[in-house]
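Reproduced below: upload33.txt, with compact mmCIF, C-alpha atoms.
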```txt
# COMPACT_ATOMS: atom_id res chain seq x y z
CA MET A 1 50.83 -12.15 38.20
CA SER A 2 49.26 -12.53 41.59
CA LYS A 3 51.56 -12.36 44.56
CA HIS A 4 50.73 -15.89 45.60
CA ASN A 5 51.75 -17.41 42.34
CA HIS A 6 55.36 -17.87 41.64
CA PHE A 7 57.69 -16.68 38.94
CA THR A 8 58.61 -19.13 36.22
CA ALA A 9 61.27 -19.40 33.51
CA ASN A 10 58.83 -17.70 31.13
CA THR A 11 58.13 -14.73 33.39
CA LYS A 12 59.49 -11.50 31.94
CA MET A 13 62.41 -10.28 34.03
CA ALA A 14 60.90 -6.78 34.09
CA ASP A 15 57.64 -8.16 35.52
CA ILE A 16 59.48 -9.59 38.51
CA ILE A 17 60.64 -6.13 39.50
CA LEU A 18 57.33 -4.46 38.66
CA ASN A 19 55.69 -7.07 40.88
CA ASN A 20 58.01 -6.72 43.84
CA TYR A 21 60.65 -4.01 43.77
CA LEU A 22 62.31 -5.48 46.88
CA LEU A 23 63.70 -8.17 44.58
CA LEU A 24 65.79 -5.55 42.76
CA PRO A 25 68.97 -5.99 44.82
CA ILE A 26 68.63 -9.77 44.66
CA ILE A 27 68.54 -9.74 40.90
CA GLY A 28 71.54 -7.43 40.98
CA ARG A 29 73.38 -9.91 43.21
CA PHE A 30 73.26 -12.44 40.37
CA GLY A 31 75.16 -9.98 38.21
CA ILE A 32 72.10 -9.06 36.15
CA ASP A 33 71.91 -5.45 35.00
CA LEU A 34 68.75 -3.54 34.20
CA GLY A 35 67.78 -2.88 30.58
CA PHE A 36 66.68 -6.40 29.74
CA GLY A 37 63.73 -5.22 27.63
CA ASN A 38 61.08 -7.91 27.31
CA LYS A 39 63.41 -10.85 27.84
CA THR A 40 62.22 -13.72 29.99
CA VAL A 41 63.98 -15.13 33.03
CA SER A 42 65.37 -18.06 31.07
CA GLU A 43 66.68 -15.79 28.29
CA VAL A 44 68.44 -13.43 30.67
CA CYS A 45 69.87 -16.30 32.73
CA ALA A 46 71.16 -18.05 29.60
CA GLU A 47 72.97 -14.89 28.52
CA LYS A 48 74.62 -14.52 31.90
CA SER A 49 75.27 -18.25 32.36
CA ILE A 50 73.13 -18.31 35.48
CA ASN A 51 71.37 -21.51 36.53
CA THR A 52 67.77 -20.51 35.77
CA PHE A 53 66.16 -22.83 38.27
CA PHE A 54 68.45 -21.84 41.09
CA PHE A 55 67.72 -18.19 40.30
CA LEU A 56 63.98 -18.91 40.40
CA GLU A 57 64.22 -20.78 43.70
CA ILE A 58 65.98 -17.83 45.32
CA ILE A 59 63.66 -15.21 43.84
CA ASN A 60 60.52 -17.15 44.68
CA SER A 61 61.57 -17.98 48.21
CA TYR A 62 62.36 -14.33 48.85
CA ASN A 63 59.12 -13.17 47.27
CA ASN A 64 56.95 -15.55 49.23
CA PRO A 65 58.38 -17.22 52.34
CA GLU A 66 55.69 -19.88 52.11
CA TYR A 67 57.13 -20.96 48.81
CA PHE A 68 60.41 -21.70 50.54
CA THR A 69 61.36 -25.28 49.87
CA ALA A 70 64.66 -25.81 51.58
CA GLU A 71 64.94 -29.35 50.32
CA GLU A 72 64.73 -28.32 46.72
CA LEU A 73 67.38 -25.69 47.22
CA GLN A 74 69.60 -28.31 48.79
CA GLU A 75 69.64 -30.14 45.46
CA TYR A 76 71.77 -27.42 43.90
CA PRO A 77 75.58 -27.62 43.83
CA LEU A 78 77.22 -26.16 46.90
CA MET A 79 79.35 -23.84 44.80
CA LEU A 80 76.19 -22.18 43.51
CA ILE A 81 74.74 -21.67 46.97
CA ILE A 82 77.98 -20.38 48.42
CA GLU A 83 78.53 -18.07 45.48
CA TYR A 84 75.08 -16.59 46.05
CA LEU A 85 75.66 -16.23 49.79
CA THR A 86 79.03 -14.57 49.15
CA ASN A 87 77.45 -12.15 46.69
CA THR A 88 74.89 -11.32 49.32
CA HIS A 89 77.65 -10.65 51.84
CA ASN A 90 79.33 -8.33 49.37
CA TYR A 91 76.07 -6.51 48.84
CA TYR A 92 75.77 -5.91 52.58
CA ARG A 93 79.37 -4.76 52.84
CA LYS A 94 79.66 -2.66 49.71
CA VAL A 95 76.16 -1.26 49.32
CA LYS A 96 73.91 -1.64 52.31
CA ILE A 97 76.24 -0.84 55.19
CA PRO A 98 77.87 2.21 53.55
CA GLU A 99 74.37 3.46 52.69
CA LEU A 100 73.26 3.15 56.31
CA GLU A 101 76.50 4.70 57.54
CA LYS A 102 75.92 7.69 55.33
CA MET A 103 72.42 8.12 56.73
CA VAL A 104 73.61 7.89 60.31
CA TYR A 105 76.33 10.44 59.51
CA GLU A 106 73.74 12.80 58.01
CA ILE A 107 71.61 12.50 61.13
CA ILE A 108 74.56 13.41 63.33
CA LYS A 109 75.51 16.28 61.05
CA ASN A 110 71.98 17.67 61.23
CA SER A 111 71.58 17.36 64.99
CA ASN A 112 70.62 20.16 67.34
CA PRO A 113 72.74 20.63 70.42
CA ASP A 114 69.76 19.17 72.37
CA ASN A 115 69.49 15.91 70.53
CA LYS A 116 73.08 15.43 69.41
CA LYS A 117 73.81 13.27 72.45
CA ASN A 118 70.90 10.94 71.75
CA ASN A 119 71.76 10.71 68.08
CA LEU A 120 75.33 9.83 68.98
CA LEU A 121 74.05 7.04 71.21
CA ILE A 122 72.10 5.61 68.30
CA ALA A 123 75.13 6.03 66.04
CA ASN A 124 77.33 4.15 68.50
CA PHE A 125 74.83 1.38 68.80
CA PHE A 126 74.64 1.13 65.01
CA GLU A 127 78.44 1.05 64.86
CA GLU A 128 78.49 -1.83 67.33
CA TYR A 129 75.89 -3.72 65.30
CA LYS A 130 77.80 -3.05 62.10
CA THR A 131 81.07 -4.36 63.54
CA GLU A 132 79.37 -7.54 64.72
CA LEU A 133 77.62 -8.05 61.40
CA ILE A 134 80.85 -7.63 59.40
CA LYS A 135 82.72 -9.92 61.75
CA HIS A 136 80.00 -12.53 61.33
CA LEU A 137 80.15 -12.29 57.53
CA GLU A 138 83.94 -12.56 57.53
CA ASN A 139 83.91 -15.55 59.84
CA GLU A 140 81.63 -17.40 57.49
CA GLU A 141 83.75 -16.54 54.50
CA LYS A 142 86.96 -17.64 56.21
CA THR A 143 85.72 -20.84 57.75
CA ILE A 144 82.48 -22.47 56.83
CA PHE A 145 82.33 -21.47 53.15
CA PRO A 146 85.83 -22.62 52.06
CA PHE A 147 85.77 -25.71 54.29
CA THR A 148 82.49 -26.81 52.77
CA ILE A 149 83.77 -26.41 49.25
CA GLU A 150 86.88 -28.33 50.20
CA LEU A 151 84.75 -31.11 51.60
CA GLU A 152 82.76 -31.39 48.43
CA ASN A 153 85.94 -31.48 46.33
CA THR A 154 87.50 -34.04 48.62
CA LEU A 155 84.49 -36.29 48.27
CA HIS A 156 84.81 -36.16 44.54
CA ASN A 157 88.55 -36.74 44.65
CA HIS A 158 88.17 -39.79 46.85
CA GLU A 159 90.62 -38.53 49.42
CA SER A 160 90.13 -39.02 53.07
CA LEU A 161 90.55 -35.98 55.24
CA GLU A 162 89.56 -36.51 58.82
CA LEU A 163 91.14 -33.18 59.67
CA LEU A 164 88.84 -31.30 57.34
CA ILE A 165 85.81 -32.83 58.99
CA GLN A 166 87.08 -31.60 62.32
CA LYS A 167 87.61 -28.11 61.00
CA ILE A 168 84.08 -28.06 59.67
CA ALA A 169 82.62 -29.32 62.91
CA GLN A 170 84.41 -26.51 64.71
CA SER A 171 83.29 -23.79 62.33
CA LYS A 172 79.76 -25.16 62.37
CA SER A 173 79.49 -24.89 66.11
CA ALA A 174 81.07 -21.44 65.97
CA HIS A 175 78.46 -20.50 63.43
CA ASN A 176 75.45 -21.65 65.31
CA ASN A 177 72.01 -20.20 65.10
CA ASP A 178 72.76 -18.08 68.16
CA ASP A 179 74.96 -15.84 66.09
CA HIS A 180 72.09 -15.06 63.75
CA LYS A 181 69.70 -14.64 66.68
CA GLN A 182 72.05 -12.21 68.43
CA LEU A 183 72.38 -10.11 65.28
CA GLU A 184 68.62 -10.14 64.79
CA ALA A 185 68.04 -9.03 68.39
CA LYS A 186 70.42 -6.12 67.97
CA LEU A 187 68.81 -4.93 64.78
CA LEU A 188 65.38 -5.14 66.40
CA ASP A 189 66.66 -3.15 69.40
CA LEU A 190 68.07 -0.49 67.10
CA LYS A 191 64.70 -0.14 65.39
CA ASN A 192 62.81 -0.05 68.69
CA LEU A 193 65.15 2.53 70.21
CA ILE A 194 64.55 4.81 67.24
CA ILE A 195 60.82 4.17 66.96
CA LYS A 196 59.91 4.23 70.63
CA PHE A 197 62.48 6.20 72.52
CA LEU A 198 64.56 8.58 70.42
CA PRO A 199 63.36 12.09 71.25
CA PRO A 200 62.27 14.21 68.26
CA VAL A 201 65.04 15.17 65.88
CA LYS A 202 65.44 18.16 63.61
CA ARG A 203 65.42 16.16 60.40
CA LYS A 204 62.53 13.73 60.66
CA ASP A 205 63.01 12.74 57.02
CA LEU A 206 66.51 11.39 57.73
CA ILE A 207 65.33 9.24 60.62
CA GLU A 208 62.45 7.91 58.53
CA LYS A 209 64.82 6.99 55.71
CA LEU A 210 67.17 5.24 58.10
CA LEU A 211 64.31 3.25 59.61
CA ILE A 212 62.97 2.17 56.24
CA GLU A 213 66.43 0.99 55.24
CA LEU A 214 66.79 -0.90 58.52
CA PHE A 215 63.50 -2.68 57.83
CA ARG A 216 64.74 -3.62 54.37
CA LEU A 217 68.05 -4.85 55.72
CA GLU A 218 66.18 -6.95 58.27
CA GLU A 219 64.05 -8.57 55.62
CA ASP A 220 67.06 -9.27 53.44
CA LEU A 221 69.07 -10.70 56.34
CA ASN A 222 66.18 -12.93 57.41
CA ASP A 223 66.05 -14.44 53.97
CA HIS A 224 69.81 -14.81 53.92
CA SER A 225 69.87 -16.57 57.31
CA ARG A 226 67.10 -18.89 56.20
CA ILE A 227 69.21 -20.04 53.28
CA GLU A 228 72.26 -20.52 55.49
CA ASP A 229 70.42 -22.32 58.28
CA HIS A 230 68.03 -24.40 56.21
CA VAL A 231 69.97 -25.02 53.02
CA LEU A 232 73.70 -24.72 53.61
CA LEU A 233 73.97 -26.38 57.00
CA PRO A 234 71.77 -29.41 56.20
CA LYS A 235 73.71 -29.83 52.99
CA ILE A 236 76.98 -29.90 54.91
CA ASN A 237 75.51 -32.48 57.27
CA LYS A 238 74.58 -34.65 54.32
CA LEU A 239 78.08 -34.41 52.87
CA GLU A 240 79.59 -35.31 56.21
CA LEU A 241 77.39 -38.35 56.45
CA GLN A 242 78.40 -39.44 52.97
CA PHE A 243 82.02 -38.95 53.93
CA ARG A 244 81.72 -41.02 57.10
CA LYS A 245 79.99 -43.84 55.29
CA ARG A 246 82.81 -44.52 52.86
CA MET B 1 32.90 -17.25 78.03
CA ILE B 2 34.36 -15.09 80.77
CA GLU B 3 32.63 -11.78 81.05
CA ASN B 4 34.88 -8.80 81.17
CA LYS B 5 33.94 -6.61 84.14
CA ASN B 6 34.87 -3.48 82.24
CA ASN B 7 32.56 -4.34 79.40
CA ILE B 8 29.41 -2.39 78.97
CA THR B 9 26.09 -4.04 78.22
CA ILE B 10 24.05 -2.76 75.32
CA PHE B 11 20.48 -3.88 74.72
CA ILE B 12 19.42 -3.58 71.12
CA ALA B 13 15.67 -3.65 70.68
CA SER B 14 14.62 -4.11 67.08
CA ASN B 15 12.70 -6.80 65.25
CA VAL B 16 14.89 -6.20 62.17
CA TYR B 17 17.98 -8.39 62.10
CA PHE B 18 19.61 -6.02 59.62
CA ILE B 19 19.45 -3.19 62.15
CA ARG B 20 20.56 -5.25 65.16
CA SER B 21 23.55 -6.60 63.35
CA GLY B 22 24.37 -3.23 61.79
CA ILE B 23 24.45 -1.53 65.19
CA ARG B 24 26.67 -4.24 66.64
CA GLY B 25 29.05 -3.81 63.70
CA ILE B 26 29.21 -0.05 64.05
CA ILE B 27 29.94 -0.27 67.77
CA ARG B 28 32.61 -2.93 67.29
CA ASP B 29 34.24 -0.85 64.57
CA LEU B 30 34.56 1.93 67.11
CA GLY B 31 36.74 -0.45 69.12
CA ILE B 32 34.25 -0.76 71.96
CA ASP B 33 34.04 -4.04 73.84
CA ALA B 34 30.42 -4.56 74.70
CA ASN B 35 28.07 -7.37 75.61
CA PHE B 36 25.13 -7.19 73.24
CA ILE B 37 21.68 -8.41 74.13
CA SER B 38 19.21 -8.51 71.27
CA LEU B 39 15.52 -7.96 71.98
CA ASN B 40 12.81 -8.64 69.45
CA ASN B 41 10.32 -6.58 71.38
CA LEU B 42 10.38 -4.24 74.31
CA ASP B 43 8.47 -6.58 76.63
CA ASP B 44 11.52 -8.85 76.65
CA LEU B 45 13.35 -6.17 78.59
CA LYS B 46 11.59 -7.42 81.73
CA ASN B 47 13.26 -10.80 81.34
CA HIS B 48 16.78 -9.34 81.69
CA HIS B 49 18.66 -7.79 84.54
CA HIS B 50 19.80 -4.30 83.82
CA SER B 51 21.40 -1.46 85.71
CA ASN B 52 21.85 2.25 85.27
CA ALA B 53 25.27 1.53 83.75
CA ASP B 54 23.64 -0.21 80.78
CA TYR B 55 22.51 1.14 77.44
CA LEU B 56 19.36 0.57 75.45
CA ILE B 57 18.96 1.23 71.75
CA ILE B 58 15.34 1.23 70.62
CA HIS B 59 14.10 0.95 67.07
CA ASN B 60 11.19 3.44 67.19
CA LYS B 61 8.91 0.99 65.33
CA LEU B 62 8.70 -1.08 68.52
CA LEU B 63 7.07 1.77 70.39
CA GLN B 64 3.31 1.61 70.58
CA LYS B 65 1.24 4.69 70.13
CA PRO B 66 1.19 7.05 71.82
CA LYS B 67 4.92 6.57 71.53
CA ALA B 68 5.85 9.18 74.14
CA ASN B 69 3.83 7.34 76.77
CA HIS B 70 5.31 4.01 75.89
CA LEU B 71 8.82 5.46 76.09
CA ASN B 72 8.04 6.89 79.52
CA GLU B 73 7.01 3.43 80.68
CA ILE B 74 10.26 2.01 79.36
CA SER B 75 12.29 4.75 81.06
CA ALA B 76 10.60 3.87 84.31
CA ILE B 77 11.93 0.31 84.23
CA PHE B 78 15.21 0.91 82.37
CA THR B 79 17.42 3.29 84.33
CA GLY B 80 20.35 3.41 81.92
CA LYS B 81 20.76 5.63 78.86
CA ILE B 82 18.42 5.24 75.90
CA LEU B 83 19.06 5.94 72.21
CA GLY B 84 16.32 5.90 69.62
CA ILE B 85 16.73 5.00 65.97
CA GLY B 86 14.25 5.22 63.15
CA GLU B 87 13.81 5.31 59.40
CA GLN B 88 13.36 9.06 59.43
CA ALA B 89 13.32 11.99 61.77
CA GLU B 90 10.39 11.91 64.19
CA LYS B 91 8.04 14.85 63.91
CA MET B 92 7.99 15.25 67.64
CA ASN B 93 11.16 13.81 69.00
CA PHE B 94 10.78 12.48 72.51
CA PHE B 95 14.12 10.66 72.56
CA ASP B 96 17.01 12.54 74.14
CA ASN B 97 19.33 10.76 71.73
CA TYR B 98 18.11 9.88 68.29
CA LEU B 99 19.65 8.61 65.05
CA THR B 100 17.99 8.16 61.66
CA LEU B 101 19.03 5.39 59.30
CA THR B 102 20.13 7.97 56.76
CA THR B 103 22.61 9.67 59.10
CA SER B 104 26.15 9.83 57.67
CA LYS B 105 28.87 7.53 58.91
CA ILE B 106 30.83 10.31 60.59
CA ALA B 107 27.77 11.65 62.40
CA ILE B 108 26.69 8.16 63.50
CA ASN B 109 30.15 7.45 64.90
CA GLN B 110 30.20 10.74 66.78
CA GLN B 111 26.71 10.31 68.19
CA ILE B 112 27.29 6.74 69.26
CA GLN B 113 30.56 7.67 70.94
CA ALA B 114 28.83 10.53 72.72
CA PHE B 115 25.94 8.26 73.71
CA LEU B 116 28.25 5.59 75.10
CA GLN B 117 30.33 8.30 76.78
CA ILE B 118 33.54 6.96 75.37
CA ASP B 119 36.05 9.16 77.04
CA LYS B 120 39.41 9.26 75.36
CA GLU B 121 41.04 9.79 78.75
CA SER B 122 39.55 6.65 80.22
CA LYS B 123 41.67 4.23 78.19
CA PRO B 124 43.43 1.58 80.27
CA ALA B 125 46.51 2.91 81.99
CA ASN B 126 49.77 2.41 80.12
CA ASN B 127 51.28 -0.59 81.84
CA ASN B 128 54.44 -0.34 79.79
CA VAL B 129 56.01 2.08 82.21
CA LEU B 130 58.89 0.60 84.17
CA SER B 131 58.41 0.23 87.91
CA VAL B 132 60.89 1.80 90.32
CA ARG B 133 62.43 -1.61 91.00
CA GLU B 134 62.71 -2.37 87.30
CA ILE B 135 64.52 0.92 86.79
CA ASP B 136 66.96 -0.10 89.57
CA ILE B 137 67.65 -3.36 87.77
CA LEU B 138 67.92 -1.66 84.40
CA LYS B 139 70.53 0.74 85.76
CA GLU B 140 72.62 -2.17 86.99
CA VAL B 141 72.31 -4.01 83.66
CA ALA B 142 73.31 -0.86 81.79
CA LYS B 143 76.34 -0.43 84.01
CA GLY B 144 77.47 -3.85 82.84
CA TYR B 145 76.79 -5.99 85.92
CA SER B 146 75.89 -9.66 85.48
CA ASN B 147 72.71 -11.17 86.92
CA LYS B 148 74.71 -12.67 89.77
CA GLU B 149 76.38 -9.35 90.60
CA ILE B 150 73.07 -7.52 90.46
CA ALA B 151 71.50 -10.06 92.83
CA GLU B 152 74.35 -9.52 95.30
CA ARG B 153 74.34 -5.76 95.00
CA LEU B 154 70.57 -5.41 95.48
CA PHE B 155 70.21 -8.27 98.01
CA ILE B 156 67.72 -10.22 95.90
CA SER B 157 67.78 -13.67 94.33
CA ILE B 158 69.08 -14.32 90.84
CA ASN B 159 65.64 -15.55 89.85
CA THR B 160 64.13 -12.24 90.85
CA VAL B 161 66.72 -10.44 88.72
CA ILE B 162 65.88 -12.68 85.77
CA THR B 163 62.15 -12.06 86.17
CA HIS B 164 62.68 -8.29 86.32
CA ARG B 165 64.88 -8.41 83.25
CA LYS B 166 62.28 -10.40 81.34
CA ASN B 167 59.64 -7.81 82.24
CA ILE B 168 61.91 -4.91 81.29
CA THR B 169 62.55 -6.45 77.88
CA GLU B 170 58.85 -7.09 77.36
CA LYS B 171 57.90 -3.55 78.30
CA LEU B 172 60.58 -1.79 76.28
CA GLY B 173 60.97 -4.19 73.39
CA ILE B 174 64.72 -4.08 73.93
CA LYS B 175 66.63 -7.27 74.47
CA THR B 176 70.39 -6.78 74.19
CA ILE B 177 72.53 -5.31 76.95
CA SER B 178 73.93 -2.60 74.72
CA GLY B 179 70.41 -1.72 73.61
CA LEU B 180 69.32 -1.38 77.24
CA THR B 181 72.39 0.73 77.94
CA VAL B 182 71.48 3.11 75.13
CA TYR B 183 67.96 3.34 76.57
CA ALA B 184 69.29 4.09 80.06
CA LEU B 185 71.68 6.76 78.75
CA MET B 186 69.02 8.31 76.55
CA ASN B 187 66.68 8.63 79.50
CA GLN B 188 69.44 9.84 81.79
CA LEU B 189 69.01 6.92 84.15
CA ILE B 190 72.79 6.53 84.28
CA LYS B 191 75.80 8.62 83.38
CA ALA B 192 78.06 7.64 80.50
CA GLU B 193 81.03 7.40 82.90
CA SER B 194 79.34 4.62 84.86
CA VAL B 195 79.20 2.21 81.92
CA ASN B 196 81.72 -0.62 82.26
CA ASN B 197 82.90 -2.09 79.03
```

Please go through the file and, once you have read it, give me the structure as structure tokens.
Amino acid sequence: MSKHNHFTANTKMADIILNNYLLLPIIGRFGIDLGFGNKTVSEVCAEKSINTFFFLEIINSYNNPEYFTAEELQEYPLMLIIEYLTNTHNYYRKVKIPELEKMVYEIIKNSNPDNKKNNLLIANFFEEYKTELIKHLENEEKTIFPFTIELENTLHNHESLELLIQKIAQSKSAHNNDDHKQLEAKLLDLKNLIIKFLPPVKRKDLIEKLLIELFRLEEDLNDHSRIEDHVLLPKINKLELQFRKR
Amino acid sequence: MIENKNNITIFIASNVYFIRSGIRGIIRDLGIDANFISLNNLDDLKNHHHSNADYLIIHNKLLQKPKANHLNEISAIFTGKILGIGEQAEKMNFFDNYLTLTTSKIAINQQIQAFLQIDKESKPANNNVLSVREIDILKEVAKGYSNKEIAERLFISINTVITHRKNITEKLGIKTISGLTVYALMNQLIKAESVNN
């Protein structure tokens, strides 16, 4: 399949990965394991009770940012979107960050006395970025995610909860775009410091690996932020409006 | 179109479009910014201003026999460097620089670079180096001072501080304060003890 086409329910799951291996962790985030033989997307999704069309929207929007249709994604139940976002958070916390930490540790371990100081500076900067990223993920999980689900339930239960609306307004302004922008700036700085200014190190291979992983993390985070900013937040706004109208 | 002063001017004299356009393509691929002037015949050269800083590429078919004499006449009016090109090697080569159409890509690139005297050293100066004043500002930022504090400490306006900071970020590609601090420490602009948290 050409890169500019999109994946459909009849696409073989294996072909998605053969086409773009960067989608591997995203498929994993849906709880899909490898070894699906020649099964199609719809077959695998049916087995795992995954909403096929939601899966396709996510995969296609990641594969080709131009495909991204925020409005269509907004049609899906909030639970589904938040579940996906939470899985993504877990992937960052349990897989990606430990992986990067290990690489940074290896770089420090393999430093010469000359470049140990510089490598430690990079390690500290990474540590600072990591702490901010984790804090950001936790904030979302503690505030905006549960509040939004509560709002949706409340709407269905025909209860009025002015207080909830207030809580959401607060967490929404706490989670503004600036938070994402700040995290993006830090990651970009980390990459630039390594690419442009870190003096030569003993183990070039380790630095290269770290950089490649940072690029991948950046791409993944960009996609994640797009879903939060262009799907989740507008959806919350819509719910709020519905709530105020009643 | 604004003419770039640093651009060189290259006259290409050939009545074959294929050759004129091919030469332009080769020179552009070498990353050379040049103004090209196409000439269908060598008489047209009189209608253009040229200087000894210009270049002339002549398709040898345009030379009238005896070719050596014609080339001498051209050299008398065109004071810049001249390169000849032709379908095959000339039996008696009177051009100082000469290329045949069957020359390999690598050899053509080398000869054209040599002809145009593209000196690797003469690339534009790296303007991404921080100025002394920018380094002063960077040190203050890295030490944790705010724009207002920096303005007071260095006796300049806040706006000046902001402009310097914008330029620093553009030059280094580093935006965050902690990123700038790492840069300053890495380059020994400040000591670790002087960083306020």

Proximity check chain B to chain A, 12 Å, nearest pairs one decimal Å, all atoms listed in the file, as a Markdown table:
```
| residue | atom | partner | partner_atom | distance |
| --- | --- | --- | --- | --- |
| B:Asn128 | CA | A:Lys196 | CA | 11.6 |
| B:Thr169 | CA | A:Asp189 | CA | 10.0 |
| B:Glu170 | CA | A:Asp189 | CA | 11.8 |
| B:Lys171 | CA | A:Lys196 | CA | 11.1 |
| B:Leu172 | CA | A:Asn192 | CA | 8.1 |
| B:Gly173 | CA | A:Asn192 | CA | 6.5 |
| B:Ile174 | CA | A:Asp189 | CA | 5.0 |
| B:Lys175 | CA | A:Ala185 | CA | 6.5 |
| B:Thr176 | CA | A:Lys186 | CA | 6.3 |
| B:Ile177 | CA | A:Lys186 | CA | 9.3 |
| B:Ser178 | CA | A:Phe125 | CA | 7.2 |
| B:Gly179 | CA | A:Asp189 | CA | 5.8 |
| B:Leu180 | CA | A:Asp189 | CA | 8.5 |
| B:Thr181 | CA | A:Leu121 | CA | 9.4 |
| B:Val182 | CA | A:Leu121 | CA | 6.1 |
| B:Tyr183 | CA | A:Leu193 | CA | 7.0 |
| B:Ala184 | CA | A:Phe197 | CA | 10.4 |
| B:Leu185 | CA | A:Leu121 | CA | 7.9 |
| B:Met186 | CA | A:Asn118 | CA | 5.8 |
| B:Asn187 | CA | A:Phe197 | CA | 8.5 |
| B:Gln188 | CA | A:Asn118 | CA | 10.2 |
| B:Ala192 | CA | A:Leu121 | CA | 10.1 |
```

Would you give me, as JSON lines, each residue of range 70-155 of chain A having an atom within 10 Å of an atom of range 24-29 of chain A, along with its shortest atom pair and that distance in Å to one decimal, using all atoms listed in the file and sorting by chain and residue number?
```
{"residue": "A:Glu83", "atom": "CA", "partner": "A:Arg29", "partner_atom": "CA", "distance": 9.9}
{"residue": "A:Tyr84", "atom": "CA", "partner": "A:Arg29", "partner_atom": "CA", "distance": 7.5}
{"residue": "A:Leu85", "atom": "CA", "partner": "A:Arg29", "partner_atom": "CA", "distance": 9.4}
{"residue": "A:Thr86", "atom": "CA", "partner": "A:Arg29", "partner_atom": "CA", "distance": 9.4}
{"residue": "A:Asn87", "atom": "CA", "partner": "A:Arg29", "partner_atom": "CA", "distance": 5.8}
{"residue": "A:Thr88", "atom": "CA", "partner": "A:Arg29", "partner_atom": "CA", "distance": 6.4}
{"residue": "A:His89", "atom": "CA", "partner": "A:Arg29", "partner_atom": "CA", "distance": 9.7}
{"residue": "A:Asn90", "atom": "CA", "partner": "A:Arg29", "partner_atom": "CA", "distance": 8.7}
{"residue": "A:Tyr91", "atom": "CA", "partner": "A:Arg29", "partner_atom": "CA", "distance": 7.1}
{"residue": "A:Val95", "atom": "CA", "partner": "A:Pro25", "partner_atom": "CA", "distance": 9.7}
{"residue": "A:Lys96", "atom": "CA", "partner": "A:Pro25", "partner_atom": "CA", "distance": 10.0}
```

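Put simply, CA of Ile195 in chain A is 8.2 Å away from CA of Leu211 in chain A.
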
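Once Glu106 in chain A and its same-chain neighbours fewer than 4 positions away are set aside, Glu99, Leu100, Glu101, Lys102, Asn110, Ser111, Lys116, Asn119, Leu120, Ala123, Val201, Lys202, Arg203, Lys204, Asp205, Leu206, Ile207, Lys209 and Leu210 of chain A remain within 12 Å of it when counting only C-alpha atoms.
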
Go ahead and write the selection's residues with C-alpha atoms as a PDB file, in the frame of the given file.
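Generated file (out31.pdb):
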```pdb
ATOM      1  CA  GLU A  99      74.370   3.460  52.690  1.00  0.00           C
ATOM      2  CA  LEU A 100      73.260   3.150  56.310  1.00  0.00           C
ATOM      3  CA  GLU A 101      76.500   4.700  57.540  1.00  0.00           C
ATOM      4  CA  LYS A 102      75.920   7.690  55.330  1.00  0.00           C
ATOM      5  CA  ASN A 110      71.980  17.670  61.230  1.00  0.00           C
ATOM      6  CA  SER A 111      71.580  17.360  64.990  1.00  0.00           C
ATOM      7  CA  LYS A 116      73.080  15.430  69.410  1.00  0.00           C
ATOM      8  CA  ASN A 119      71.760  10.710  68.080  1.00  0.00           C
ATOM      9  CA  LEU A 120      75.330   9.830  68.980  1.00  0.00           C
ATOM     10  CA  ALA A 123      75.130   6.030  66.040  1.00  0.00           C
ATOM     11  CA  VAL A 201      65.040  15.170  65.880  1.00  0.00           C
ATOM     12  CA  LYS A 202      65.440  18.160  63.610  1.00  0.00           C
ATOM     13  CA  ARG A 203      65.420  16.160  60.400  1.00  0.00           C
ATOM     14  CA  LYS A 204      62.530  13.730  60.660  1.00  0.00           C
ATOM     15  CA  ASP A 205      63.010  12.740  57.020  1.00  0.00           C
ATOM     16  CA  LEU A 206      66.510  11.390  57.730  1.00  0.00           C
ATOM     17  CA  ILE A 207      65.330   9.240  60.620  1.00  0.00           C
ATOM     18  CA  LYS A 209      64.820   6.990  55.710  1.00  0.00           C
ATOM     19  CA  LEU A 210      67.170   5.240  58.100  1.00  0.00           C
TER      20      LEU A 210
END
```

Quick one, how far is CA of Glu150 in chain A from CA of Pro234 in chain A?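 About the pair CA of Glu150 in chain A and CA of Pro234 in chain A: they are 16.3 Å apart.
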
By how many Å are CA of Ile236 in chain A and CA of Asn64 in chain A apart? 25.3 Å
